[in-house]
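To start, the structure itself, in structure tokens.
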Amino acid sequence: MSQAPPAEAFPAYPASWYLFCESGKLRQGPVSQQILGRRLVAFRTASGRAAVMDARCAHLGADLGFGTVVGETIQCPFHNWRYGCDGVCAAVPGLAQPPPFARLQTYPVVERHGYVFFFNGRDGREPSFPLPFFLGEDPDGFVAAPVFRYVADCTWYMNSAHAFDLQHFGAVHDRELLAPPAIDCPAPFARRNSYPARVVGDTLLDRLLRLAGAKRVETTLTIWGGTFAVITADFGRLKSGFLMAMEPLEDGRTLCHGIVCAPRGHTLLRPLVPLKLRLRRLFTHGYLKEEARRLRGTRYDPGHLGPNDQDMIDFFHWVTALPQESDHEGIDRRSASAVLRRAARPANIGAGTGGAAGAGIG
Ligand code: FES
Ligand SMILES: [Fe+2]
């Protein structure tokens, strides 16, 4: 058994995709929020393009979230400096040429299924990997349910490690493994665990599944960039899948945004899809909330991982070896454990935005 990496090896805010907000929120104008240890703003230009950039104006730091959209630019609420989607200041009232320092970091944006996602990478560079989805599937053929959220009482890497936590599949999820998990890397920046299992739980969901003839399930859990999970469960006739965008919080916990997706279906059955999505969302959220309740207080300690934690140890090595690129080096490269040390937090933390505190996506 190899030793897991020290806590200092994990970056605070990995180069990965994150959920900024629902697309509809940009209808009223720019939206700013504290996210990944910095202030960011998202806005939609007159032509319909969505952009995410640093929210602190390069002049005196006013919050662009209180500004306005003017054509293809965002205008600062204080002295009306205007920035384009490339972050470059396009106009300063009373000046022929904006000063050279007047530019802000921008982030690659993808809008999908009614959500605005951004990549935390280096300014002007392509993302290290595309916004993840179910492998081999076309996102245009799917629709998404409203996002559900909860705060996991652990770091982002403890949360994503559940995808490789062999012991908890049985202990927490009532899944009796029919074969050892198969672990591979189907793409750069992606690590996947696939396993077949018997559905043996006494929960309402498991009983309903067995009633519907779903006695066995093939599960795949793919972690991209350390913080973005794509999960599928194939019960034979029944299939389900969801995305989990994990957002490391400044106090060391993790805000989990869960989005259940389902195929659009054939035209005749399309009216039933919203109901199907709602049901899947209900069960998926319930499934994760129960895990969250049981896993409160989880802490990383590389010296306390045993021989049957080897898959998790391998994941920790894999994730700490991922290249990190950032212009916010002072923030992103600071280790997650340094963030934890800074944060004074009680041992037992209550619910976040969506309900339960705890952890787990596996
Ligand atoms: S603070 Fe933004 S223009 Fe002065
Ligand atoms: Fe889990």
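Chain labels follow the order of the structure tokens: the first chain is A, the next B, and so on; residue numbering restarts at 1 in every chain, and ligands are counted from 1 in their shown order.
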Next item on the list: Mind checking which residues fall within 7 Å of segment 222-232 of chain A, counting only C-alpha atoms, ignoring those fewer than 6 positions away in the same chain, and posting them as a PyMOL selection string?
Entry: chain A and resi 14-17+133-134+156-157+160+189-193+240-246+319
Using only C-alpha atoms and all ligand atoms, which residues of chain A come within 8 Å of ligand 1, and what is the closest atom pair for each, with the distance in Å to one decimal? Give it as a tab-separated table, sorted by chain and residue number.
residue	atom	partner	partner_atom_place_in_ligand_line	distance
A:Arg56	CA	ligand 1	2 (Fe)	7.8
A:Cys57	CA	ligand 1	2 (Fe)	4.6
A:Ala58	CA	ligand 1	2 (Fe)	6.6
A:His59	CA	ligand 1	1 (S)	4.7
A:Leu60	CA	ligand 1	1 (S)	3.9
A:Gly61	CA	ligand 1	1 (S)	5.0
A:Ala62	CA	ligand 1	1 (S)	4.5
A:Asp63	CA	ligand 1	2 (Fe)	7.7
A:Leu64	CA	ligand 1	2 (Fe)	7.6
A:Gln75	CA	ligand 1	3 (S)	7.9
A:Cys76	CA	ligand 1	2 (Fe)	4.7
A:Pro77	CA	ligand 1	2 (Fe)	6.5
A:Phe78	CA	ligand 1	4 (Fe)	4.9
A:His79	CA	ligand 1	3 (S)	3.7
A:Asn80	CA	ligand 1	3 (S)	5.0
A:Trp81	CA	ligand 1	3 (S)	4.4
A:Arg82	CA	ligand 1	3 (S)	7.7
A:Val92	CA	ligand 1	3 (S)	7.7
Against ligand 2, which residues of chain A fall within 10 Å? For each one I want the closest pair of atoms and the distance in Å (one decimal), counting only C-alpha atoms and all ligand atoms, rows by chain and increasing residue number, as CSV.
residue,atom,partner,partner_atom_place_in_ligand_line,distance
A:Asn159,CA,ligand 2,1 (Fe),8.8
A:Ser160,CA,ligand 2,1 (Fe),9.2
A:Ala161,CA,ligand 2,1 (Fe),9.1
A:His162,CA,ligand 2,1 (Fe),5.4
A:Ala163,CA,ligand 2,1 (Fe),6.5
A:Phe164,CA,ligand 2,1 (Fe),8.9
A:Asp165,CA,ligand 2,1 (Fe),7.7
A:Leu166,CA,ligand 2,1 (Fe),9.4
A:Gln167,CA,ligand 2,1 (Fe),9.8
A:His168,CA,ligand 2,1 (Fe),6.5
A:Phe169,CA,ligand 2,1 (Fe),6.3
A:Gly170,CA,ligand 2,1 (Fe),9.5
A:Ala171,CA,ligand 2,1 (Fe),9.5
A:Val172,CA,ligand 2,1 (Fe),6.8
A:His173,CA,ligand 2,1 (Fe),6.6
A:Leu221,CA,ligand 2,1 (Fe),9.8
A:Tyr287,CA,ligand 2,1 (Fe),8.8
A:Leu288,CA,ligand 2,1 (Fe),7.3
A:Glu290,CA,ligand 2,1 (Fe),9.6
A:Glu291,CA,ligand 2,1 (Fe),6.4
A:Ala292,CA,ligand 2,1 (Fe),8.8
A:Leu295,CA,ligand 2,1 (Fe),9.5
A:Ala359,CA,ligand 2,1 (Fe),8.1
A:Gly360,CA,ligand 2,1 (Fe),4.8
A:Ile361,CA,ligand 2,1 (Fe),4.7
A:Gly362,CA,ligand 2,1 (Fe),3.0
Output the selection as a PDB file, in the first residue's frame - C-alpha atoms for each residue.
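Listing of result38.pdb after writing:
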ATOM      1  CA  ASN A 159     -15.947  14.646  -1.678  1.00  0.00           C
ATOM      2  CA  SER A 160     -14.805  13.493  -5.116  1.00  0.00           C
ATOM      3  CA  ALA A 161     -12.798  10.624  -3.575  1.00  0.00           C
ATOM      4  CA  HIS A 162     -16.082   8.925  -2.715  1.00  0.00           C
ATOM      5  CA  ALA A 163     -16.196   7.845  -6.345  1.00  0.00           C
ATOM      6  CA  PHE A 164     -13.287   5.535  -5.469  1.00  0.00           C
ATOM      7  CA  ASP A 165     -14.269   4.669  -1.896  1.00  0.00           C
ATOM      8  CA  LEU A 166     -14.844   0.932  -2.208  1.00  0.00           C
ATOM      9  CA  GLN A 167     -15.996   0.453   1.391  1.00  0.00           C
ATOM     10  CA  HIS A 168     -18.817   2.971   1.296  1.00  0.00           C
ATOM     11  CA  PHE A 169     -20.625   1.450  -1.721  1.00  0.00           C
ATOM     12  CA  GLY A 170     -21.920  -1.256   0.567  1.00  0.00           C
ATOM     13  CA  ALA A 171     -21.900   0.593   3.909  1.00  0.00           C
ATOM     14  CA  VAL A 172     -23.683   3.746   2.705  1.00  0.00           C
ATOM     15  CA  HIS A 173     -25.393   2.844  -0.567  1.00  0.00           C
ATOM     16  CA  LEU A 221     -18.440   7.645 -11.705  1.00  0.00           C
ATOM     17  CA  TYR A 287     -29.944   9.513  -2.134  1.00  0.00           C
ATOM     18  CA  LEU A 288     -27.168  12.093  -1.755  1.00  0.00           C
ATOM     19  CA  GLU A 290     -28.754  10.551   3.140  1.00  0.00           C
ATOM     20  CA  GLU A 291     -25.092  10.048   2.309  1.00  0.00           C
ATOM     21  CA  ALA A 292     -24.405  13.649   3.329  1.00  0.00           C
ATOM     22  CA  LEU A 295     -20.621  11.530   6.321  1.00  0.00           C
ATOM     23  CA  ALA A 359     -20.424  14.663   1.778  1.00  0.00           C
ATOM     24  CA  GLY A 360     -20.450  12.276  -1.062  1.00  0.00           C
ATOM     25  CA  ILE A 361     -21.102  11.777  -4.688  1.00  0.00           C
ATOM     26  CA  GLY A 362     -20.180   8.139  -5.087  1.00  0.00           C
TER      27      GLY A 362
END
Item checked: Secondary structure check, strand (DSSP E or B) residues of segment 12-101 of chain A, as an NGL selection string -> :A and (17-22 or 31-35 or 38-44 or 50-54 or 56 or 63 or 68-70 or 73-75 or 82-84 or 88-92 or 95)
If you run DSSP on the backbone here, which positions in segment 204-236 of chain A get helix (DSSP H, G or I)? Please write them as a PDB file with C-alpha atoms, in the first residue's frame.
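The result, written out as selection28.pdb:
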ATOM      1  CA  LEU A 204     -37.954   3.347  -0.536  1.00  0.00           C
ATOM      2  CA  LEU A 205     -35.842   3.950  -3.645  1.00  0.00           C
ATOM      3  CA  ASP A 206     -34.263   0.496  -3.547  1.00  0.00           C
ATOM      4  CA  ARG A 207     -37.589  -1.211  -2.913  1.00  0.00           C
ATOM      5  CA  LEU A 208     -39.169   0.673  -5.816  1.00  0.00           C
ATOM      6  CA  LEU A 209     -36.213  -0.243  -8.017  1.00  0.00           C
ATOM      7  CA  ARG A 210     -36.582  -3.948  -7.231  1.00  0.00           C
ATOM      8  CA  LEU A 211     -40.330  -3.743  -7.802  1.00  0.00           C
TER       9      LEU A 211
END
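Taking only C-alpha atoms into account, Phe118 of chain A lies nearest to A:Ile35 out of the set A:Met312, A:Ile35, A:Leu322, A:Leu104.
Minimum atom-to-atom distance to Ser128 of chain A, evaluated using only C-alpha atoms, belongs to A:Pro108 out of A:Cys185, A:Phe283, A:Ser194, A:Pro108.
In this structure, atom CA of Phe43 of chain A sits 27.9 Å away from atom CA of Ala262 of chain A.
In this comparison, which uses only C-alpha atoms, the residue of A:Arg253, A:Arg278, A:Arg270, A:Arg216 approaching Asp234 of chain A most closely is A:Arg216.
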Item checked: Computed interatomic separation between atom CA of Leu255 of chain A and atom CA of Pro274 of chain A (Å) -> 25.4 Å
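With distances restricted to only C-alpha atoms, A:Lys215 is the closest residue to Arg237 of chain A from A:His113, A:Lys215, A:Arg294, A:His257.
In this structure, atom CA of Pro93 of chain A sits 15.8 Å away from atom CA of Val69 of chain A.
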